[in-house]
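Chemist: Compact mmCIF, C-alpha atoms, file model38.txt:
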# COMPACT_ATOMS: atom_id res chain seq x y z
CA MET A 275 -38.55 5.50 32.23
CA TYR A 276 -35.31 7.48 32.34
CA ALA A 277 -36.03 10.74 34.22
CA PRO A 278 -33.06 12.00 36.29
CA ALA A 279 -33.59 15.20 38.27
CA GLY A 280 -32.46 18.34 36.44
CA VAL A 281 -31.99 16.57 33.10
CA LYS A 282 -33.99 17.67 30.05
CA THR A 283 -35.43 14.92 27.84
CA ASN A 284 -38.00 14.53 25.08
CA HIS A 285 -39.40 11.04 25.43
CA ASN A 286 -42.02 11.63 22.73
CA GLU A 287 -39.33 11.77 20.06
CA PHE A 288 -36.37 10.18 21.83
CA PRO A 289 -37.48 7.70 24.50
CA ILE A 290 -34.60 6.64 26.78
CA PRO A 291 -34.65 3.37 28.72
CA ASP A 292 -33.23 3.00 32.23
CA LYS A 293 -30.94 0.18 31.09
CA MET A 294 -28.86 -0.29 27.95
CA ARG A 295 -26.85 -2.99 26.23
CA ALA A 296 -23.11 -2.57 26.52
CA TRP A 297 -20.03 -4.60 25.67
CA VAL A 298 -17.56 -4.93 28.54
CA LEU A 299 -13.94 -6.06 28.62
CA GLY A 300 -12.96 -8.97 30.85
CA GLU A 301 -9.65 -10.76 30.29
CA PRO A 302 -7.51 -9.62 27.32
CA GLY A 303 -9.49 -10.12 24.13
CA GLU A 304 -12.62 -11.14 26.03
CA LEU A 305 -15.70 -9.03 25.31
CA SER A 306 -19.17 -9.88 26.55
CA MET A 307 -22.54 -8.20 26.11
CA THR A 308 -24.14 -7.10 29.36
CA GLU A 309 -26.63 -4.59 30.70
CA LYS A 310 -25.65 -1.27 32.25
CA THR A 311 -27.57 1.63 33.67
CA VAL A 312 -27.94 4.49 31.18
CA PRO A 313 -25.57 7.20 32.44
CA VAL A 314 -26.79 10.59 33.62
CA PRO A 315 -25.32 13.83 32.23
CA ALA A 316 -24.08 16.34 34.80
CA LYS A 317 -23.45 20.05 34.37
CA ALA A 318 -21.92 20.84 30.95
CA GLU A 319 -22.71 17.31 29.73
CA VAL A 320 -25.22 15.68 27.39
CA LEU A 321 -26.41 12.13 26.85
CA VAL A 322 -25.67 10.86 23.34
CA ARG A 323 -27.54 7.97 21.79
CA ILE A 324 -24.75 6.21 19.95
CA ASP A 325 -25.76 5.59 16.34
CA ALA A 326 -22.43 4.35 14.96
CA VAL A 327 -18.91 3.71 16.21
CA ALA A 328 -15.78 2.94 14.20
CA ILE A 329 -13.10 0.52 15.31
CA CYS A 330 -9.66 2.09 15.70
CA ALA A 331 -6.33 0.27 15.91
CA THR A 332 -6.02 1.73 19.40
CA ASP A 333 -9.24 -0.05 20.39
CA LEU A 334 -7.57 -3.30 19.39
CA GLU A 335 -4.51 -2.45 21.49
CA ILE A 336 -6.73 -1.77 24.49
CA ILE A 337 -8.88 -4.88 24.06
CA TYR A 338 -5.95 -7.26 23.63
CA HIS A 339 -3.12 -5.59 25.59
CA GLY A 340 -4.55 -2.81 27.80
CA PRO A 341 -2.48 0.31 27.07
CA PRO A 342 -3.02 3.12 26.33
CA SER A 343 -6.22 2.79 28.38
CA SER A 344 -5.79 3.64 32.05
CA ILE A 345 -8.59 2.82 34.47
CA GLN A 346 -8.05 3.86 38.10
CA GLY A 347 -4.36 4.16 37.27
CA GLY A 348 -4.09 0.60 35.91
CA LEU A 349 -5.00 -1.68 33.01
CA PRO A 350 -8.68 -1.87 31.98
CA PHE A 351 -9.23 -5.61 32.33
CA ASN A 352 -12.06 -6.99 34.49
CA LYS A 353 -13.27 -3.55 35.58
CA ASN A 354 -16.68 -3.56 33.88
CA PHE A 355 -15.13 -1.21 31.29
CA THR A 356 -16.71 -0.50 27.89
CA PRO A 357 -14.13 0.41 25.20
CA GLY A 358 -14.69 2.23 21.89
CA HIS A 359 -13.95 5.88 21.19
CA GLU A 360 -14.67 6.85 17.56
CA TYR A 361 -18.41 7.34 17.71
CA MET A 362 -21.18 9.64 16.59
CA GLY A 363 -24.81 9.87 17.56
CA THR A 364 -27.78 11.98 18.55
CA VAL A 365 -28.14 14.22 21.59
CA VAL A 366 -31.12 12.85 23.56
CA ALA A 367 -30.76 14.48 27.01
CA LEU A 368 -29.26 17.71 28.33
CA GLY A 369 -27.51 18.06 31.67
CA PRO A 370 -28.30 20.99 33.99
CA GLY A 371 -27.71 24.35 32.35
CA VAL A 372 -26.82 23.03 28.91
CA ASP A 373 -28.15 25.23 26.13
CA GLU A 374 -25.32 24.93 23.59
CA TYR A 375 -26.93 21.84 22.01
CA LYS A 376 -30.49 20.71 21.36
CA ILE A 377 -32.17 17.35 21.75
CA GLY A 378 -32.17 15.65 18.37
CA GLN A 379 -28.92 17.27 17.21
CA ARG A 380 -26.49 14.93 15.42
CA VAL A 381 -22.92 15.06 16.68
CA ALA A 382 -19.53 13.44 16.28
CA VAL A 383 -17.64 13.04 19.54
CA GLU A 384 -14.03 13.90 20.32
CA ILE A 385 -12.20 11.55 22.64
CA HIS A 386 -10.68 13.92 25.17
CA ALA A 387 -12.23 16.37 27.61
CA GLY A 388 -9.45 17.65 29.84
CA CYS A 389 -9.86 18.60 33.47
CA GLY A 390 -9.52 22.28 32.50
CA GLN A 391 -7.34 22.95 35.53
CA CYS A 392 -3.90 21.42 34.94
CA LYS A 393 -1.04 23.17 33.11
CA ARG A 394 -1.62 21.39 29.80
CA CYS A 395 -5.36 21.99 29.75
CA ARG A 396 -4.81 25.68 30.46
CA GLU A 397 -2.53 25.73 27.40
CA GLY A 398 -5.27 24.17 25.28
CA MET A 399 -3.56 20.76 25.14
CA TYR A 400 -6.41 18.81 26.70
CA THR A 401 -5.22 15.61 25.02
CA SER A 402 -2.22 15.77 27.38
CA CYS A 403 -4.25 16.41 30.55
CA HIS A 404 -2.17 15.69 33.66
CA ASN A 405 -5.18 14.05 35.31
CA TYR A 406 -5.42 11.40 32.61
CA GLY A 407 -6.54 8.03 33.90
CA LEU A 408 -6.80 8.94 37.58
CA ASN A 409 -10.54 9.32 38.01
CA TYR A 410 -12.46 6.47 36.35
CA GLY A 411 -15.89 6.24 37.92
CA ASP A 412 -15.52 9.67 39.54
CA VAL A 413 -15.30 12.41 36.93
CA ASP A 414 -15.79 15.35 39.25
CA LYS A 415 -12.26 16.43 38.37
CA GLY A 416 -13.52 16.99 34.86
CA HIS A 417 -11.19 14.77 32.86
CA ARG A 418 -12.69 12.24 30.46
CA ALA A 419 -11.22 10.24 27.61
CA ASN A 420 -13.96 8.17 26.00
CA GLY A 421 -12.97 4.52 25.77
CA PHE A 422 -9.65 5.22 27.50
CA THR A 423 -10.30 6.46 31.03
CA THR A 424 -14.12 6.38 31.05
CA ASP A 425 -16.61 4.10 29.35
CA GLY A 426 -16.61 4.34 25.58
CA GLY A 427 -18.95 3.77 22.69
CA PHE A 428 -19.50 0.03 22.27
CA CYS A 429 -22.92 0.49 23.87
CA GLU A 430 -26.19 2.32 23.24
CA TYR A 431 -25.80 5.57 25.21
CA GLN A 432 -22.93 7.60 26.59
CA VAL A 433 -22.38 10.86 28.46
CA ASN A 434 -20.18 13.51 26.88
CA ASN A 435 -18.87 16.91 27.90
CA ILE A 436 -20.16 19.64 25.58
CA ASN A 437 -16.55 20.53 24.72
CA THR A 438 -16.15 17.17 23.00
CA LEU A 439 -19.11 17.56 20.63
CA VAL A 440 -18.87 18.43 16.95
CA SER A 441 -22.14 19.16 15.14
CA ILE A 442 -22.65 17.30 11.87
CA ASN A 443 -25.28 18.02 9.26
CA ASP A 444 -28.00 15.66 8.11
CA GLU A 445 -26.34 15.08 4.74
CA MET A 446 -23.47 13.24 6.43
CA THR A 447 -24.09 9.52 6.91
CA ASP A 448 -23.59 7.90 10.29
CA GLU A 449 -20.57 6.03 8.93
CA GLU A 450 -18.99 9.24 7.66
CA GLY A 451 -19.70 10.88 11.00
CA THR A 452 -17.51 8.31 12.77
CA LEU A 453 -14.58 9.47 10.60
CA VAL A 454 -14.67 13.11 11.71
CA VAL A 455 -12.34 12.45 14.65
CA THR A 456 -9.90 10.50 12.45
CA ALA A 457 -9.74 13.46 10.08
CA GLY A 458 -9.41 15.75 13.10
CA THR A 459 -6.37 13.84 14.29
CA ALA A 460 -4.71 14.39 10.93
CA MET A 461 -5.67 18.07 11.01
CA TYR A 462 -4.17 18.48 14.49
CA ALA A 463 -0.92 16.84 13.36
CA LEU A 464 -0.53 19.05 10.32
CA THR A 465 -1.76 22.44 11.49
CA GLU A 466 -1.85 23.04 15.26
CA LEU A 467 1.32 21.07 15.92
CA GLY A 468 2.96 21.06 12.50
CA GLY A 469 2.14 24.56 11.29
CA LEU A 470 1.67 23.39 7.70
CA VAL A 471 1.67 26.21 5.14
CA ALA A 472 0.16 25.82 1.67
CA GLY A 473 2.76 24.82 -0.90
CA GLU A 474 4.95 22.85 1.53
CA SER A 475 5.76 19.22 0.81
CA VAL A 476 4.47 16.28 2.83
CA VAL A 477 5.18 12.56 3.04
CA VAL A 478 2.73 10.24 4.80
CA THR A 479 4.10 6.82 5.71
CA GLY A 480 1.51 4.09 6.20
CA PRO A 481 -1.88 4.05 4.41
CA GLY A 482 -4.02 3.13 7.42
CA PRO A 483 -7.07 5.25 8.36
CA ILE A 484 -5.07 8.11 9.92
CA GLY A 485 -2.46 7.99 7.16
CA LEU A 486 -5.08 8.17 4.44
CA MET A 487 -6.85 11.01 6.23
CA ALA A 488 -3.50 12.78 6.59
CA VAL A 489 -3.12 12.61 2.82
CA ALA A 490 -6.60 14.05 2.30
CA VAL A 491 -6.18 16.84 4.85
CA ALA A 492 -2.69 17.77 3.66
CA LYS A 493 -3.88 18.09 0.08
CA ALA A 494 -6.97 20.04 1.12
CA LEU A 495 -4.69 22.44 3.00
CA GLY A 496 -2.64 23.03 -0.15
CA ALA A 497 0.43 20.84 0.40
CA GLN A 498 2.50 20.16 -2.74
CA PRO A 499 3.52 17.47 -3.38
CA VAL A 500 1.84 14.95 -1.09
CA ILE A 501 3.58 11.57 -1.22
CA LEU A 502 2.18 8.38 0.35
CA THR A 503 4.28 5.31 1.11
CA GLY A 504 3.06 1.83 2.03
CA THR A 505 3.04 -1.85 1.16
CA ARG A 506 -0.45 -2.42 -0.27
CA ASP A 507 -1.15 -1.22 -3.80
CA ASN A 508 -4.93 -1.07 -3.31
CA ARG A 509 -4.57 1.24 -0.30
CA LEU A 510 -2.07 3.38 -2.17
CA GLU A 511 -4.67 3.71 -4.92
CA ILE A 512 -7.16 5.00 -2.34
CA GLY A 513 -4.48 7.49 -1.33
CA LYS A 514 -4.39 8.77 -4.90
CA LYS A 515 -8.16 9.28 -4.84
CA LEU A 516 -7.77 11.26 -1.62
CA GLY A 517 -5.19 13.59 -3.16
CA ALA A 518 -1.75 11.96 -3.11
CA ASP A 519 0.37 13.32 -5.96
CA ALA A 520 2.58 10.23 -5.87
CA VAL A 521 2.67 6.88 -4.10
CA ILE A 522 5.54 4.53 -3.32
CA ASN A 523 5.24 0.82 -2.62
CA ILE A 524 8.23 0.33 -0.34
CA ARG A 525 8.37 -3.40 -1.13
CA LYS A 526 9.05 -2.53 -4.75
CA THR A 527 11.45 0.34 -4.06
CA PRO A 528 15.03 -0.43 -2.96
CA ASP A 529 15.58 3.02 -1.38
CA VAL A 530 12.41 4.78 -0.28
CA VAL A 531 14.29 7.86 0.99
CA ALA A 532 16.01 8.35 -2.37
CA GLU A 533 12.71 7.88 -4.18
CA VAL A 534 11.00 10.51 -2.01
CA LYS A 535 13.75 13.02 -2.74
CA LYS A 536 13.56 12.22 -6.44
CA LEU A 537 9.82 12.95 -6.43
CA ASN A 538 10.46 16.22 -4.56
CA GLY A 539 12.95 17.72 -6.96
CA GLY A 540 16.03 16.10 -5.43
CA LYS A 541 15.59 17.42 -1.88
CA GLY A 542 13.94 16.39 1.36
CA VAL A 543 10.36 17.31 2.15
CA ASP A 544 9.07 19.76 4.75
CA TYR A 545 6.96 17.28 6.75
CA VAL A 546 6.66 13.57 7.35
CA VAL A 547 3.61 12.16 9.12
CA GLU A 548 4.61 8.69 10.32
CA CYS A 549 1.58 6.39 10.58
CA SER A 550 3.06 2.94 9.98
CA ALA A 551 4.69 2.02 13.33
CA ALA A 552 7.38 0.14 11.37
CA THR A 553 10.69 -0.28 13.20
CA SER A 554 12.65 1.52 10.47
CA ALA A 555 10.05 4.24 9.94
CA VAL A 556 11.43 6.91 12.29
CA ASN A 557 14.92 6.83 10.83
CA ASP A 558 13.47 6.81 7.31
CA ALA A 559 11.30 9.77 8.23
CA VAL A 560 14.13 11.93 9.61
CA ARG A 561 16.12 11.24 6.44
CA MET A 562 13.20 12.15 4.20
CA VAL A 563 12.84 15.67 5.61
CA ASN A 564 15.07 18.55 4.67
CA ARG A 565 17.07 20.50 7.25
CA GLY A 566 14.70 22.19 9.64
CA GLY A 567 11.89 19.82 8.66
CA LYS A 568 9.31 18.26 10.94
CA VAL A 569 8.37 14.68 11.71
CA CYS A 570 5.07 13.81 13.38
CA LEU A 571 4.86 10.38 15.02
CA ALA A 572 1.22 9.30 14.89
CA ALA A 573 1.59 5.53 15.31
CA PHE A 574 2.16 3.44 18.42
CA ALA A 575 5.31 1.38 17.91
CA HIS A 576 5.16 -2.12 19.38
CA GLU A 577 8.77 -2.12 20.54
CA GLU A 578 11.59 0.29 21.31
CA VAL A 579 12.79 1.93 18.11
CA PRO A 580 16.43 2.90 17.43
CA VAL A 581 16.72 6.51 16.30
CA ASP A 582 19.66 8.36 14.72
CA VAL A 583 19.63 11.27 17.17
CA ALA A 584 22.88 12.72 15.78
CA HIS A 585 21.25 13.12 12.36
CA ILE A 586 18.26 14.86 13.96
CA VAL A 587 20.50 17.26 15.87
CA ARG A 588 22.86 18.02 12.98
CA ASN A 589 19.94 18.85 10.70
CA ASN A 590 17.79 20.78 13.19
CA ILE A 591 14.86 18.40 12.67
CA TYR A 592 11.77 18.71 14.86
CA VAL A 593 10.16 15.46 16.04
CA TYR A 594 6.86 15.46 17.91
CA GLY A 595 4.34 12.86 18.99
CA ILE A 596 0.61 13.21 18.66
CA ARG A 597 -2.13 11.51 20.59
CA GLY A 598 -5.52 11.90 19.02
CA GLU A 599 -7.18 15.17 18.14
CA GLY A 600 -6.63 18.45 19.95
CA LYS A 601 -7.18 22.21 20.05
CA SER A 602 -10.58 21.84 18.36
CA ALA A 603 -8.99 20.67 15.09
CA THR A 604 -11.87 18.22 14.73
CA HIS A 605 -14.29 21.10 14.11
CA ARG A 606 -12.23 22.27 11.15
CA ALA A 607 -11.90 18.74 9.82
CA GLU A 608 -15.70 18.39 9.91
CA ALA A 609 -16.00 21.68 8.01
CA TYR A 610 -13.70 20.34 5.30
CA MET A 611 -15.75 17.13 5.11
CA GLN A 612 -19.00 19.11 4.94
CA GLN A 613 -17.57 21.13 2.04
CA LYS A 614 -16.61 17.86 0.30
CA ARG A 615 -12.97 18.92 0.18
CA PHE A 616 -12.22 15.20 0.38
CA ASP A 617 -14.27 12.01 0.51
CA ALA A 618 -13.63 10.39 3.88
CA THR A 619 -16.02 7.56 3.04
CA LEU A 620 -13.35 6.04 0.79
CA ILE A 621 -11.73 4.50 3.87
CA HIS A 622 -14.95 2.99 5.23
CA THR A 623 -15.10 -0.63 4.09
CA HIS A 624 -17.41 -2.65 6.38
CA THR A 625 -20.44 -2.17 8.63
CA PHE A 626 -21.80 -4.59 11.26
CA PRO A 627 -24.58 -4.36 13.85
CA LEU A 628 -23.55 -3.64 17.44
CA ASP A 629 -24.59 -7.17 18.42
CA ASP A 630 -21.93 -8.51 16.06
CA LEU A 631 -19.03 -6.50 17.50
CA PRO A 632 -16.73 -9.57 17.84
CA THR A 633 -16.97 -10.17 14.08
CA ALA A 634 -16.35 -6.50 13.37
CA ILE A 635 -13.26 -6.59 15.58
CA ARG A 636 -12.01 -9.71 13.79
CA TYR A 637 -12.38 -7.95 10.44
CA ALA A 638 -10.47 -4.91 11.72
CA LYS A 639 -7.77 -6.91 13.52
CA ASP A 640 -7.09 -9.48 10.79
CA ARG A 641 -7.84 -7.12 7.89
CA VAL A 642 -10.42 -9.55 6.53
CA GLU A 643 -11.37 -8.57 2.98
CA ASP A 644 -8.74 -5.83 3.33
CA ALA A 645 -10.84 -4.01 5.89
CA ILE A 646 -9.70 -0.44 6.58
CA LYS A 647 -12.35 1.30 8.66
CA VAL A 648 -14.93 -1.01 10.19
CA VAL A 649 -18.09 0.52 11.69
CA VAL A 650 -20.68 -0.97 14.03
CA LYS A 651 -24.17 0.52 14.13
CA ASN A 652 -26.74 0.65 16.88
CA GLN A 653 -29.79 -0.85 15.20
CA ALA A 654 -32.09 0.29 18.00
CA GLY A 655 -31.00 3.87 17.37
CA ALA A 656 -31.56 3.49 13.63
CA ALA A 657 -35.06 2.10 14.21
CA GLN A 658 -35.85 4.94 16.58
CA LYS A 659 -34.68 7.47 13.98
CA VAL A 660 -36.97 5.97 11.32
CA ALA A 661 -39.91 5.94 13.72
CA ALA A 662 -39.31 9.62 14.60
CA GLU A 663 -39.28 10.56 10.93
Show me, as structure tokens, the structure contained in the file I just sent.
Modeler:
Amino acid sequence: MYAPAGVKTNHNEFPIPDKMRAWVLGEPGELSMTEKTVPVPAKAEVLVRIDAVAICATDLEIIYHGPPSSIQGGLPFNKNFTPGHEYMGTVVALGPGVDEYKIGQRVAVEIHAGCGQCKRCREGMYTSCHNYGLNYGDVDKGHRANGFTTDGGFCEYQVNNINTLVSINDEMTDEEGTLVVTAGTAMYALTELGGLVAGESVVVTGPGPIGLMAVAVAKALGAQPVILTGTRDNRLEIGKKLGADAVINIRKTPDVVAEVKKLNGGKGVDYVVECSAATSAVNDAVRMVNRGGKVCLAAFAHEEVPVDVAHIVRNNIYVYGIRGEGKSATHRAEAYMQQKRFDATLIHTHTFPLDDLPTAIRYAKDRVEDAIKVVVKNQAGAAQKVAAE
């Protein structure tokens, strides 16, 4: 039975095995189920029993292409690496000295725990930690990025720094809990980095999970109007349910920039959150904003993108990239979800057991049945929860 020195457990309610099932990445696109030792939490860490994990487009990039994962300074293939980063679960063991969380507490998990020592971490930008990717297998430096530089959530248990945990209440389903970080990414884009003020206008380009959450968060923060652009009418309809004041199907609109300005009283908007990764999207975005406006790039483009820099300079436009959540924005996103300021579950479309991860990935990758957010659940954890109750 799992009993590391200095680690607090409660095996009566939450028994922990010594070994766990875990998916590992071999060659590109090659996942196999194996057995790993259950990790041990160190100081300022807890062990989380993973109850559910959502599949992100970035997971697909890592599984099939490698970046942006960085293991020992290189690509993640054939390194016994477990991907997956959008997970939630139950705290089942406490590392030495941890009293901020209790065994049995349900949590969503942020991706990034910075080293706490580099320039960016000291500024609060732990998602831009300068020690990113340099210490896989040896986290004494402090930096972790779940499913990017350390093992992720396509398994049964994982260690997490207490700074990455976000408490969730019992009314929130496991599936909804996996969406807290997605909403937190949108919150970070709009508030900490974007400085959104109520009453300002926002365009979101691309109705994927982050784009749809950006619509919901922007509207909850008081943006007016919120405009969503995309190519799929059914996803645009979900955007309306999440708060979009207007939607534009760009395949049916000859000039999307002109249409945006028309919907905003003839002028450019204050913000554009670009979530589509389309080649033309950046130039469209900088032409949608008014002078002095802001453009957040939240999507990973698959090729180099031409940008009209002269237009950006002439119009004093601010362009910034965002990588995941940051500055504890996830905590505020969870608070909005807890208050039912928006219904994040609208983007959850499919659930599969952990054993059937390859099928879940196929649904997410190929958008089978128009999958948006696909979740895999740890059935052993669910059974344990029922038994405890």
Chemist: Pick out the closest residue to Glu430 in chain A from this set: A:Pro483, A:Pro291, A:Pro278, A:Pro341. Count only C-alpha atoms.
Modeler: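 Smallest separation from Glu430 in chain A among the options: A:Pro291.
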Chemist: Choose the residue, out of A:Arg615, A:Arg597, A:Arg641, A:His576, that has the smallest atom-to-atom separation from Ala551 in chain A; count only C-alpha atoms.
Modeler: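 The shortest atom-to-atom distance to Ala551 in chain A comes from A:His576.
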Chemist: Tell me which of A:Ile337, A:Ala328, A:Ile501, A:Ala318 sits closest to Pro302 in chain A, counting only C-alpha atoms.
Modeler: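 Checking each candidate against Pro302 in chain A, we get A:Ile337 as the closest.
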Chemist: Which residue, A:Gly600, A:Pro342, A:Gly458, A:Gly358, has the smallest gap to Ala387 in chain A when you use only C-alpha atoms?
Modeler: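 Under the stated criterion, the closest residue is A:Gly600.
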Chemist: Can you tell me which residues surround Val281 in chain A at a distance of at most 9 Å, considering only C-alpha atoms, apart from same-chain residues fewer than 2 positions away, and format the answer as a list in words?
Modeler: Ala277, Pro278, Ala279, Thr283, Val314, Pro315, Ala316, Val320, Ala367, Leu368, Gly369, Pro370 and Gly371 of chain A
Chemist: Provide an axis-aligned box for all listed atoms of range 510-519 of chain A, padding each side by 6 Å; report its centre and its edge lengths in Å to one decimal, as lines of an AutoDock Vina configuration file.
Modeler:
center_x = -3.9
center_y = 8.5
center_z = -3.6
size_x = 20.5
size_y = 22.2
size_z = 16.6
Chemist: At what distance in Å, to one decimal, does CA of Leu305 in chain A lie from CA of Tyr637 in chain A?
Modeler: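 A separation of 15.3 Å between them.
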Chemist: In Å, with one decimal, what is the gap from CA of Asp630 in chain A to CA of Gly363 in chain A?
Modeler: 18.7 Å
Chemist: Would you be able to write out as a ChimeraX atom specification which residues have an atom within 9 Å of (-25.7, 16.7, 21.0) in the file's coordinates, counting all atoms listed in the file?
Modeler: /A:320-323,363-368,374-383,434,436,439-441
Chemist: For Ile290 in chain A, please output as number ranges by chain all residues within 7 Å (counting all atoms listed in the file; exclusion window: fewer than 4 positions along the same chain).
Modeler: A: 275-276, 285
Chemist: Restricting the calculation to all atoms listed in the file: of A:Ile635, A:Val455, A:Leu464, A:Ile385, which residue gets closest to Gly426 in chain A?
Modeler: A:Ile385
Chemist: What's around Val312 in chain A at 7 Å? Count all atoms listed in the file, leave out sequence neighbours fewer than 6 positions away in its own chain, and write the answer as a PDB file with C-alpha atoms, in the frame of the given file.
Modeler:
ATOM      1  CA  ASP A 292     -33.230   3.000  32.230  1.00  0.00           C
ATOM      2  CA  LYS A 293     -30.940   0.180  31.090  1.00  0.00           C
ATOM      3  CA  MET A 294     -28.860  -0.290  27.950  1.00  0.00           C
ATOM      4  CA  TYR A 431     -25.800   5.570  25.210  1.00  0.00           C
TER       5      TYR A 431
END
